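K.L.:
Structure file protein_34.tsv, TSV, C-alpha atoms and all ligand atoms, is pasted below:
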chain	number	residue	atom	x	y	z
A	1	MET	CA	0.00	0.00	0.00
A	2	THR	CA	1.41	3.37	-1.01
A	3	PHE	CA	2.18	5.71	1.86
A	4	GLU	CA	4.40	8.62	0.87
A	5	VAL	CA	4.86	12.36	1.15
A	6	LEU	CA	5.40	14.62	-1.88
A	7	ILE	CA	6.93	17.98	-1.00
A	8	LEU	CA	5.41	20.89	-2.96
A	9	GLY	CA	6.87	23.70	-0.86
A	10	SER	CA	9.40	23.58	1.97
A	11	ASN	CA	10.35	27.19	2.63
A	12	SER	CA	9.19	29.51	5.38
A	13	SER	CA	7.72	33.00	5.03
A	14	ILE	CA	8.38	33.96	1.36
A	15	PRO	CA	9.12	32.20	-1.94
A	16	VAL	CA	12.90	32.53	-2.36
A	17	HIS	CA	16.03	30.58	-3.46
A	18	GLY	CA	13.83	28.50	-5.80
A	19	ARG	CA	11.86	27.29	-2.78
A	20	HIS	CA	8.17	27.80	-2.06
A	21	PRO	CA	5.97	28.21	1.04
A	22	THR	CA	4.65	25.14	2.83
A	23	ALA	CA	2.53	22.57	1.01
A	24	GLN	CA	2.73	18.82	0.66
A	25	ILE	CA	0.70	15.87	-0.53
A	26	VAL	CA	0.31	12.85	1.71
A	27	HIS	CA	-0.55	9.95	-0.59
A	28	HIS	CA	-2.04	6.97	1.22
A	29	ASP	CA	-3.47	4.10	-0.80
A	30	GLU	CA	-5.96	5.76	-3.19
A	31	GLN	CA	-6.25	9.01	-1.23
A	32	TYR	CA	-4.33	12.26	-1.78
A	33	PHE	CA	-4.40	14.64	1.19
A	34	LEU	CA	-3.17	18.21	0.78
A	35	VAL	CA	-1.39	19.49	3.87
A	36	ASP	CA	-1.07	23.29	3.96
A	37	CYS	CA	-1.51	25.36	0.85
A	38	GLY	CA	1.08	28.13	0.62
A	39	GLU	CA	1.14	30.58	-2.25
A	40	GLY	CA	1.55	28.89	-5.63
A	41	THR	CA	0.51	25.42	-4.43
A	42	GLN	CA	-1.62	24.65	-7.48
A	43	MET	CA	1.28	25.52	-9.80
A	44	ARG	CA	3.52	23.20	-7.78
A	45	MET	CA	0.89	20.46	-8.11
A	46	ALA	CA	0.89	20.95	-11.89
A	47	ALA	CA	4.71	20.90	-11.99
A	48	PHE	CA	4.81	17.58	-10.17
A	49	LYS	CA	1.84	16.08	-12.02
A	50	VAL	CA	-0.61	15.91	-9.13
A	51	LYS	CA	-4.15	16.16	-10.47
A	52	ARG	CA	-6.17	18.76	-8.54
A	53	SER	CA	-9.26	16.57	-8.82
A	54	LYS	CA	-7.66	13.86	-6.68
A	55	ILE	CA	-7.79	16.05	-3.58
A	56	GLN	CA	-10.86	15.58	-1.37
A	57	HIS	CA	-9.39	16.77	1.94
A	58	ILE	CA	-7.22	19.80	2.71
A	59	PHE	CA	-5.59	20.30	6.11
A	60	ILE	CA	-4.48	23.84	7.04
A	61	SER	CA	-2.19	23.96	10.08
A	62	HIS	CA	-2.66	27.65	10.93
A	63	LEU	CA	-3.52	31.00	9.47
A	64	HIS	CA	-0.08	32.46	8.79
A	65	GLY	CA	-0.04	33.31	5.09
A	66	ASP	CA	2.85	31.01	4.15
A	67	HIS	CA	0.55	28.09	5.01
A	68	TYR	CA	-2.67	28.99	3.20
A	69	PHE	CA	-2.35	31.91	0.75
A	70	GLY	CA	-2.60	29.43	-2.14
A	71	LEU	CA	-6.02	28.23	-1.03
A	72	ILE	CA	-8.24	30.88	-2.65
A	73	GLY	CA	-6.53	30.29	-6.01
A	74	LEU	CA	-6.96	26.54	-5.79
A	75	LEU	CA	-10.63	26.81	-4.76
A	76	THR	CA	-11.29	29.26	-7.61
A	77	SER	CA	-9.76	26.81	-10.09
A	78	TYR	CA	-12.02	24.03	-8.78
A	79	HIS	CA	-14.99	26.36	-9.32
A	80	LEU	CA	-13.95	27.35	-12.85
A	81	LEU	CA	-13.27	23.71	-13.75
A	82	GLN	CA	-16.82	22.80	-12.65
A	83	ARG	CA	-15.78	20.50	-9.84
A	84	GLN	CA	-18.71	18.40	-8.64
A	85	THR	CA	-17.34	16.36	-5.75
A	86	PRO	CA	-17.38	17.72	-2.19
A	87	LEU	CA	-14.21	19.20	-0.72
A	88	HIS	CA	-13.37	19.15	2.99
A	89	ILE	CA	-11.12	21.74	4.61
A	90	TYR	CA	-9.85	21.34	8.17
A	91	SER	CA	-8.39	24.38	9.95
A	92	PRO	CA	-8.31	26.48	13.11
A	93	PRO	CA	-11.16	29.02	13.50
A	94	GLY	CA	-11.38	31.89	11.02
A	95	LEU	CA	-10.66	30.33	7.66
A	96	GLU	CA	-14.27	29.94	6.56
A	97	GLU	CA	-14.87	33.62	7.24
A	98	ILE	CA	-11.77	34.65	5.26
A	99	ILE	CA	-12.61	32.48	2.26
A	100	ASN	CA	-16.29	33.42	2.23
A	101	LEU	CA	-15.37	37.12	2.30
A	102	GLN	CA	-13.16	36.70	-0.77
A	103	PHE	CA	-15.91	34.89	-2.64
A	104	ARG	CA	-18.54	37.37	-1.52
A	105	TYR	CA	-16.67	40.33	-2.98
A	106	SER	CA	-15.94	38.50	-6.24
A	107	ASP	CA	-19.62	37.46	-6.45
A	108	THR	CA	-18.61	33.82	-6.70
A	109	ARG	CA	-21.13	31.13	-5.85
A	110	LEU	CA	-19.23	27.88	-5.73
A	111	VAL	CA	-20.52	25.10	-7.96
A	112	PHE	CA	-19.26	22.34	-5.64
A	113	PRO	CA	-19.98	21.57	-1.95
A	114	LEU	CA	-17.29	23.01	0.32
A	115	HIS	CA	-17.27	21.84	3.94
A	116	PHE	CA	-15.23	23.53	6.64
A	117	HIS	CA	-14.22	21.58	9.75
A	118	VAL	CA	-12.79	23.63	12.61
A	119	PHE	CA	-10.34	22.32	15.20
A	120	SER	CA	-9.43	24.18	18.37
A	121	GLY	CA	-5.71	23.51	18.39
A	122	GLN	CA	-5.83	22.85	22.15
A	123	THR	CA	-6.11	19.06	22.25
A	124	MET	CA	-5.56	16.11	19.91
A	125	GLU	CA	-8.68	15.61	17.79
A	126	THR	CA	-9.43	12.97	15.17
A	127	LEU	CA	-10.32	14.74	11.94
A	128	TYR	CA	-10.61	11.86	9.49
A	129	GLU	CA	-11.04	8.12	9.72
A	130	SER	CA	-11.29	5.38	7.09
A	131	ASP	CA	-10.84	1.60	7.16
A	132	THR	CA	-7.10	2.05	6.75
A	133	LEU	CA	-6.11	5.41	8.24
A	134	THR	CA	-6.81	8.00	10.94
A	135	ILE	CA	-5.70	11.63	10.80
A	136	SER	CA	-5.48	13.62	14.05
A	137	THR	CA	-4.35	17.06	15.08
A	138	LEU	CA	-1.09	17.61	16.94
A	139	PRO	CA	-1.26	20.90	18.87
A	140	MET	CA	1.91	22.96	18.26
A	141	GLN	CA	3.54	25.75	20.28
A	142	HIS	CA	3.12	28.72	17.96
A	143	ARG	CA	2.04	32.37	18.19
A	144	ILE	CA	-1.49	31.66	16.98
A	145	PRO	CA	-3.62	28.46	17.13
A	146	CYS	CA	-1.64	25.90	15.15
A	147	CYS	CA	-1.64	22.14	14.70
A	148	GLY	CA	0.45	19.53	13.02
A	149	PHE	CA	-1.19	16.35	11.75
A	150	LEU	CA	-0.67	12.69	12.59
A	151	PHE	CA	-1.38	10.16	9.84
A	152	ARG	CA	-1.68	6.78	11.53
A	153	GLU	CA	-2.25	3.66	9.45
A	154	LYS	CA	-4.52	0.95	10.86
A	155	LYS	CA	-3.37	-2.65	10.99
A	156	GLY	CA	-4.22	-4.16	7.62
A	157	LEU	CA	-5.80	-7.50	6.82
A	158	LYS	CA	-3.68	-10.58	6.23
A	159	ARG	CA	-2.70	-11.23	2.62
A	160	LEU	CA	-3.63	-14.34	0.69
A	161	LYS	CA	-0.55	-16.19	-0.55
A	162	PRO	CA	-0.11	-16.02	-4.35
A	163	GLY	CA	-2.11	-18.62	-6.29
A	164	VAL	CA	-4.35	-19.73	-3.38
A	165	ALA	CA	-7.52	-18.05	-4.66
A	166	GLU	CA	-7.09	-19.57	-8.13
A	167	ARG	CA	-6.11	-23.07	-6.93
A	168	TYR	CA	-9.23	-23.47	-4.74
A	169	ARG	CA	-11.47	-21.17	-6.83
A	170	LEU	CA	-12.34	-19.25	-3.71
A	171	PRO	CA	-15.33	-16.88	-3.75
A	172	THR	CA	-14.81	-13.36	-2.43
A	173	PRO	CA	-16.56	-13.86	0.97
A	174	MET	CA	-14.27	-16.83	1.72
A	175	ILE	CA	-11.21	-14.77	0.85
A	176	ALA	CA	-12.41	-12.03	3.18
A	177	GLN	CA	-12.81	-14.50	6.06
A	178	LEU	CA	-9.36	-15.99	5.53
A	179	ARG	CA	-7.85	-12.50	5.44
A	180	GLN	CA	-9.56	-11.77	8.77
A	181	GLY	CA	-7.80	-14.81	10.27
A	182	LYS	CA	-10.79	-17.20	10.18
A	183	ASN	CA	-10.57	-20.80	8.90
A	184	VAL	CA	-13.12	-21.79	6.24
A	185	TRP	CA	-14.61	-24.99	4.78
A	186	TRP	CA	-14.81	-24.97	1.00
A	187	ASN	CA	-15.54	-28.02	-1.25
A	188	ASP	CA	-15.02	-30.35	1.74
A	189	ILE	CA	-11.57	-28.97	2.47
A	190	GLU	CA	-10.71	-26.94	5.54
A	191	LEU	CA	-8.49	-24.02	4.67
A	192	LYS	CA	-6.54	-22.65	7.63
A	193	SER	CA	-5.96	-18.93	7.56
A	194	GLU	CA	-2.47	-19.20	9.04
A	195	GLU	CA	-1.44	-21.59	6.24
A	196	VAL	CA	-2.76	-19.67	3.25
A	197	THR	CA	-2.13	-16.08	4.32
A	198	THR	CA	0.82	-13.92	5.27
A	199	GLU	CA	0.91	-11.08	7.80
A	200	PRO	CA	0.40	-7.53	6.46
A	201	PRO	CA	3.28	-5.07	6.81
A	202	PRO	CA	3.25	-3.29	10.20
A	203	PRO	CA	1.15	-0.11	10.15
A	204	ALA	CA	3.16	3.04	9.52
A	205	THR	CA	2.75	6.54	10.95
A	206	TYR	CA	3.68	9.97	9.61
A	207	ALA	CA	3.68	13.24	11.56
A	208	PHE	CA	3.67	16.68	9.96
A	209	PHE	CA	4.91	19.27	12.43
A	210	SER	CA	3.93	22.74	11.37
A	211	ASP	CA	5.42	25.90	12.87
A	212	THR	CA	6.41	25.37	16.49
A	213	ARG	CA	8.98	26.34	19.03
A	214	TYR	CA	10.87	23.56	20.77
A	215	ASP	CA	8.95	21.86	23.56
A	216	GLU	CA	9.92	18.34	24.55
A	217	ARG	CA	6.31	17.55	25.48
A	218	LEU	CA	5.63	17.41	21.75
A	219	ALA	CA	7.65	14.17	21.62
A	220	GLU	CA	5.07	12.08	23.46
A	221	PRO	CA	2.32	11.72	20.82
A	222	ILE	CA	4.85	10.84	18.11
A	223	ALA	CA	6.86	8.25	20.05
A	224	GLY	CA	8.40	5.64	17.75
A	225	ILE	CA	6.70	6.79	14.54
A	226	ASP	CA	8.19	6.09	11.12
A	227	LEU	CA	8.63	9.58	9.69
A	228	LEU	CA	8.54	13.06	11.22
A	229	TYR	CA	8.50	16.26	9.16
A	230	HIS	CA	9.75	19.04	11.41
A	231	GLU	CA	10.35	22.71	10.78
A	232	ALA	CA	13.94	24.01	10.81
A	233	THR	CA	13.57	27.76	10.43
A	234	PHE	CA	16.88	28.66	12.11
A	235	LEU	CA	20.40	27.42	12.71
A	236	SER	CA	21.77	27.13	16.24
A	237	GLY	CA	22.94	30.44	17.65
A	238	LEU	CA	19.53	31.93	16.94
A	239	GLU	CA	17.66	30.01	19.67
A	240	GLU	CA	16.48	33.25	21.25
A	241	ARG	CA	15.04	34.48	17.99
A	242	ALA	CA	13.51	31.04	17.42
A	243	ALA	CA	11.82	31.08	20.83
A	244	LEU	CA	10.62	34.65	20.31
A	245	THR	CA	9.03	33.87	16.94
A	246	HIS	CA	7.83	30.42	18.06
A	247	HIS	CA	9.99	28.50	15.63
A	248	SER	CA	12.73	25.85	15.98
A	249	THR	CA	16.37	25.42	15.02
A	250	ALA	CA	17.54	22.40	13.02
A	251	ALA	CA	19.27	21.10	16.16
A	252	GLN	CA	16.01	21.35	18.13
A	253	ALA	CA	14.18	19.42	15.41
A	254	ALA	CA	16.82	16.69	15.68
A	255	LEU	CA	16.62	16.70	19.46
A	256	LEU	CA	12.86	16.22	19.37
A	257	ALA	CA	13.21	13.38	16.84
A	258	GLN	CA	15.75	11.76	19.16
A	259	LYS	CA	13.56	12.17	22.25
A	260	ALA	CA	10.54	10.73	20.43
A	261	GLY	CA	12.59	7.83	19.04
A	262	VAL	CA	11.21	8.35	15.52
A	263	LYS	CA	12.75	6.28	12.74
A	264	HIS	CA	13.39	9.09	10.24
A	265	LEU	CA	13.36	12.87	10.25
A	266	LEU	CA	12.59	15.20	7.37
A	267	LEU	CA	13.62	18.85	7.79
A	268	GLY	CA	11.52	21.59	6.20
A	269	HIS	CA	10.12	25.14	6.59
A	270	PHE	CA	13.62	26.40	5.87
A	271	GLY	CA	14.47	29.93	6.93
A	272	SER	CA	14.52	32.37	4.01
A	273	ARG	CA	17.86	33.69	5.28
A	274	TYR	CA	19.56	30.43	4.23
A	275	PRO	CA	20.28	30.09	0.49
A	276	GLU	CA	22.12	26.82	1.19
A	277	LEU	CA	20.51	24.04	3.20
A	278	GLU	CA	23.55	21.86	3.95
A	279	PRO	CA	24.37	23.67	7.23
A	280	LEU	CA	20.84	22.91	8.50
A	281	LEU	CA	21.22	19.26	7.54
A	282	ASN	CA	24.66	18.94	9.10
A	283	GLU	CA	23.54	20.54	12.34
A	284	ALA	CA	20.66	18.08	12.67
A	285	LYS	CA	22.77	15.09	11.59
A	286	ALA	CA	25.22	15.67	14.45
A	287	ILE	CA	22.35	14.90	16.85
A	288	PHE	CA	20.10	12.55	14.87
A	289	PRO	CA	21.70	10.63	11.99
A	290	HIS	CA	18.57	9.48	10.12
A	291	VAL	CA	17.68	12.86	8.72
A	292	GLN	CA	17.03	14.24	5.24
A	293	LEU	CA	16.14	17.61	3.76
A	294	ALA	CA	12.59	17.94	2.40
A	295	LEU	CA	13.33	18.78	-1.22
A	296	GLU	CA	10.54	20.04	-3.43
A	297	GLY	CA	9.34	17.54	-6.00
A	298	HIS	CA	10.76	14.61	-4.02
A	299	ARG	CA	8.63	11.80	-2.67
A	300	TYR	CA	9.52	10.30	0.71
A	301	ALA	CA	8.24	6.87	1.69
A	302	VAL	CA	6.76	6.84	5.19
A	303	ARG	CA	7.54	3.16	5.65
A	304	GLN	CA	11.27	3.09	5.08
A	305	PRO	CA	13.73	0.23	5.45
A	306	ALA	CA	15.25	-0.06	8.92
A	307	PRO	CA	18.15	2.37	9.14
A	308	SER	CA	21.58	0.89	8.81
A	309	LEU	CA	23.53	0.88	12.07
A	310	VAL	CA	26.88	1.03	10.30
B	1	ZN	ZN	5.33	29.24	8.54
B	2	ZN	ZN	3.47	30.36	11.43
Using structure tokens, write down the structure that the file contains.
Ligand SMILES: [Zn+2]
Ligand SMILES: [Zn+2]

P.N.:
Amino acid sequence: MTFEVLILGSNSSIPVHGRHPTAQIVHHDEQYFLVDCGEGTQMRMAAFKVKRSKIQHIFISHLHGDHYFGLIGLLTSYHLLQRQTPLHIYSPPGLEEIINLQFRYSDTRLVFPLHFHVFSGQTMETLYESDTLTISTLPMQHRIPCCGFLFREKKGLKRLKPGVAERYRLPTPMIAQLRQGKNVWWNDIELKSEEVTTEPPPPATYAFFSDTRYDERLAEPIAGIDLLYHEATFLSGLEERAALTHHSTAAQAALLAQKAGVKHLLLGHFGSRYPELEPLLNEAKAIFPHVQLALEGHRYAVRQPAPSLV
């Protein structure tokens, strides 16, 4: 089952150095979730061949412009392209009012159903649930209400070994029972689930940390997860400025990843003052070795091979 993150924008504040404000696609199975929608997001989607129509759910972490100024453009395109399917937007309070005001003064009456879902940003809340995935908020420590998002896969069904269905000509309900771990009788033969199925891969978890200052309490809800995207707006030496603006240094991102015992760390929300990203990477790597830069246009698997200990 596909579970990966496509980076559309990984810069903070302004588009600069060929980088763009925050936006990413979390692709899980058949679903494409848009996480934040900084300026130019729909152009980044076109550049990386993500069809707009695949998005049914948009998660906005907070109402600083570098995280949602692309939203009105994207919604307008959906309207002009005669979108029919409903769209769900999850955000802190205020976004519905902002968007409705823009549409009111452009005399736009949307042709598709748009549903706003508000989260408080104070506690963890489940925003979305399917048979295979839950998405919850992760309250951040920022200047205004702000949440990250936790994408937690559910344990999947067992998998039928290759050729079993064909050999016994199994009907679909029998296959379903075997995959649930039940034994079945079929044509006077007892088929044992443990003999004809294999275990599914362990469920994987991805956390998107939006803007936040360092706070080790944030490590608890992401303990042991597979992949953490964490902001790295500053280099060490600017901790005071980071605390004042409610952001983190690359070293603090690495420290949090280490405390939480995550498997891999992805650095993003790069400070506009840094044309080169290597110093941010090196600073984090000195503390937490399994770290990469979130590069735009790159896809990062959430379920990665176990890191080498060499
Ligand atoms: Zn930001
Ligand atoms: Zn912010």

K.L.:
So which residues are close to (-17.2, -27.6, 0.8), meaning at most 12 Å away in the file's coordinates with all atoms listed in the file counted, and can you show them as a CSV table (one decimal) with C-alpha atoms, in the frame of the given file?

P.N.:
chain,number,residue,atom,x,y,z
A,168,TYR,CA,-9.2,-23.5,-4.7
A,169,ARG,CA,-11.5,-21.2,-6.8
A,170,LEU,CA,-12.3,-19.2,-3.7
A,171,PRO,CA,-15.3,-16.9,-3.8
A,174,MET,CA,-14.3,-16.8,1.7
A,184,VAL,CA,-13.1,-21.8,6.2
A,185,TRP,CA,-14.6,-25.0,4.8
A,186,TRP,CA,-14.8,-25.0,1.0
A,187,ASN,CA,-15.5,-28.0,-1.2
A,188,ASP,CA,-15.0,-30.4,1.7
A,189,ILE,CA,-11.6,-29.0,2.5
A,190,GLU,CA,-10.7,-26.9,5.5
A,191,LEU,CA,-8.5,-24.0,4.7

K.L.:
Would you mind listing the residues within 7 Å of ligand ZN 2 (chain B), counting only C-alpha atoms and all ligand atoms, as a PDB file with C-alpha atoms, in the frame of the given file?

P.N.:
ATOM      1  CA  HIS A  62      -2.660  27.650  10.930  1.00  0.00           C
ATOM      2  CA  HIS A  64      -0.080  32.460   8.790  1.00  0.00           C
ATOM      3  CA  HIS A 142       3.120  28.720  17.960  1.00  0.00           C
ATOM      4  CA  ASP A 211       5.420  25.900  12.870  1.00  0.00           C
TER       5      ASP A 211
END

K.L.:
With a distance cut-off of 7 Å and all atoms listed in the file, select the neighbouring residues of Ala251 of chain A, excluding the residue or stretch itself and same-chain residues fewer than 2 positions from it, and output the selection as a ChimeraX atom specification.

P.N.:
/A:236,249,253-255,283-284,287

K.L.:
Neighbours of ligand ZN 1 (chain B) at 7 Å or closer, counting all atoms listed in the file: which residues, as a compact mmCIF listing (two decimals) with C-alpha atoms, in the coordinates of the input?

P.N.:
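Full text of out36.txt as output:
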# COMPACT_ATOMS: atom_id res chain seq x y z
CA SER A 12 9.19 29.51 5.38
CA SER A 13 7.72 33.00 5.03
CA HIS A 64 -0.08 32.46 8.79
CA ASP A 66 2.85 31.01 4.15
CA HIS A 67 0.55 28.09 5.01
CA ASP A 211 5.42 25.90 12.87
CA HIS A 269 10.12 25.14 6.59

K.L.:
Calculated over all atoms listed in the file, which of the candidates A:Pro202, A:Gly224, A:Gly94, A:Gly163 has the smallest distance to Pro145 of chain A?

P.N.:
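The answer is A:Gly94, which sits nearest to Pro145 of chain A.
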
K.L.:
For Asn100 of chain A, list every protein, DNA or RNA residue within 12 Å, evaluated using only C-alpha atoms, and leave out those in the same chain fewer than 4 positions away; present the list as a list of chain:residue names.

P.N.:
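What passes the distance filter is A:Leu71, A:Ile72, A:Leu75, A:Thr76, A:Gly94, A:Leu95, A:Glu96, A:Arg104, A:Tyr105, A:Ser106, A:Asp107, A:Thr108, A:Arg109, A:Leu110, A:Leu114, A:His115, A:Phe116.
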
K.L.:
Rounded to one decimal in Å, what is the spacing between atom CA of Gly181 of chain A and atom CA of Leu150 of chain A?

P.N.:
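So the answer is 28.5 Å.
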
K.L.:
Between A:Ser272, A:Thr123, A:Ser53, A:Ser210, which is the closest to Leu235 of chain A once you count only C-alpha atoms?

P.N.:
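Nearest candidate to Leu235 of chain A out of A:Ser272, A:Thr123, A:Ser53, A:Ser210: A:Ser272.
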
K.L.:
What are the centre and the three edge lengths of an axis-aligned box that wraps all atoms of segment 189-199 of chain A in the file, given that 5 Å is added to every side, written as lines of an AutoDock Vina configuration file and rounded to one decimal in Å?

P.N.:
center_x = -5.3
center_y = -20.0
center_z = 5.8
size_x = 22.5
size_y = 27.9
size_z = 16.6

K.L.:
Residues at most 12 Å from segment 125-128 of chain A, counting only C-alpha atoms, excluding those fewer than 6 positions away in the same chain, as a VMD selection string?

P.N.:
chain A and resid 31 33 56 to 60 88 to 92 116 to 119 134 to 139 147 to 153

K.L.:
Can you sort out segment 113-126 of chain A so it carries N, CA and C atoms, written as a short mmCIF file (atom, residue, chain, number, x, y, z; two decimals), keeping the file's coordinate frame?

P.N.:
data_model
loop_
_atom_site.label_atom_id
_atom_site.label_comp_id
_atom_site.auth_asym_id
_atom_site.auth_seq_id
_atom_site.Cartn_x
_atom_site.Cartn_y
_atom_site.Cartn_z
N PRO A 113 -19.81 21.46 -3.41
CA PRO A 113 -19.98 21.57 -1.95
C PRO A 113 -18.63 21.70 -1.24
N LEU A 114 -18.52 22.75 -0.45
CA LEU A 114 -17.29 23.01 0.32
C LEU A 114 -17.64 22.94 1.80
N HIS A 115 -16.97 22.03 2.52
CA HIS A 115 -17.27 21.84 3.94
C HIS A 115 -16.07 22.24 4.78
N PHE A 116 -16.30 23.14 5.72
CA PHE A 116 -15.23 23.53 6.64
C PHE A 116 -15.37 22.76 7.95
N HIS A 117 -14.25 22.27 8.45
CA HIS A 117 -14.22 21.58 9.75
C HIS A 117 -13.20 22.33 10.61
N VAL A 118 -13.66 22.79 11.77
CA VAL A 118 -12.79 23.63 12.61
C VAL A 118 -12.22 22.80 13.76
N PHE A 119 -10.92 22.94 14.00
CA PHE A 119 -10.34 22.32 15.20
C PHE A 119 -9.81 23.43 16.11
N SER A 120 -9.77 23.13 17.41
CA SER A 120 -9.43 24.18 18.37
C SER A 120 -7.92 24.42 18.45
N GLY A 121 -7.16 23.37 18.24
CA GLY A 121 -5.71 23.51 18.39
C GLY A 121 -5.25 23.31 19.83
N GLN A 122 -6.18 23.01 20.73
CA GLN A 122 -5.83 22.85 22.15
C GLN A 122 -5.53 21.40 22.51
N THR A 123 -6.28 20.48 21.92
CA THR A 123 -6.11 19.06 22.25
C THR A 123 -6.02 18.25 20.96
N MET A 124 -5.59 17.00 21.10
CA MET A 124 -5.56 16.11 19.91
C MET A 124 -6.99 15.75 19.53
N GLU A 125 -7.33 15.94 18.27
CA GLU A 125 -8.68 15.61 17.79
C GLU A 125 -8.54 14.75 16.53
N THR A 126 -9.41 13.75 16.41
CA THR A 126 -9.43 12.97 15.17
C THR A 126 -10.26 13.72 14.14
#
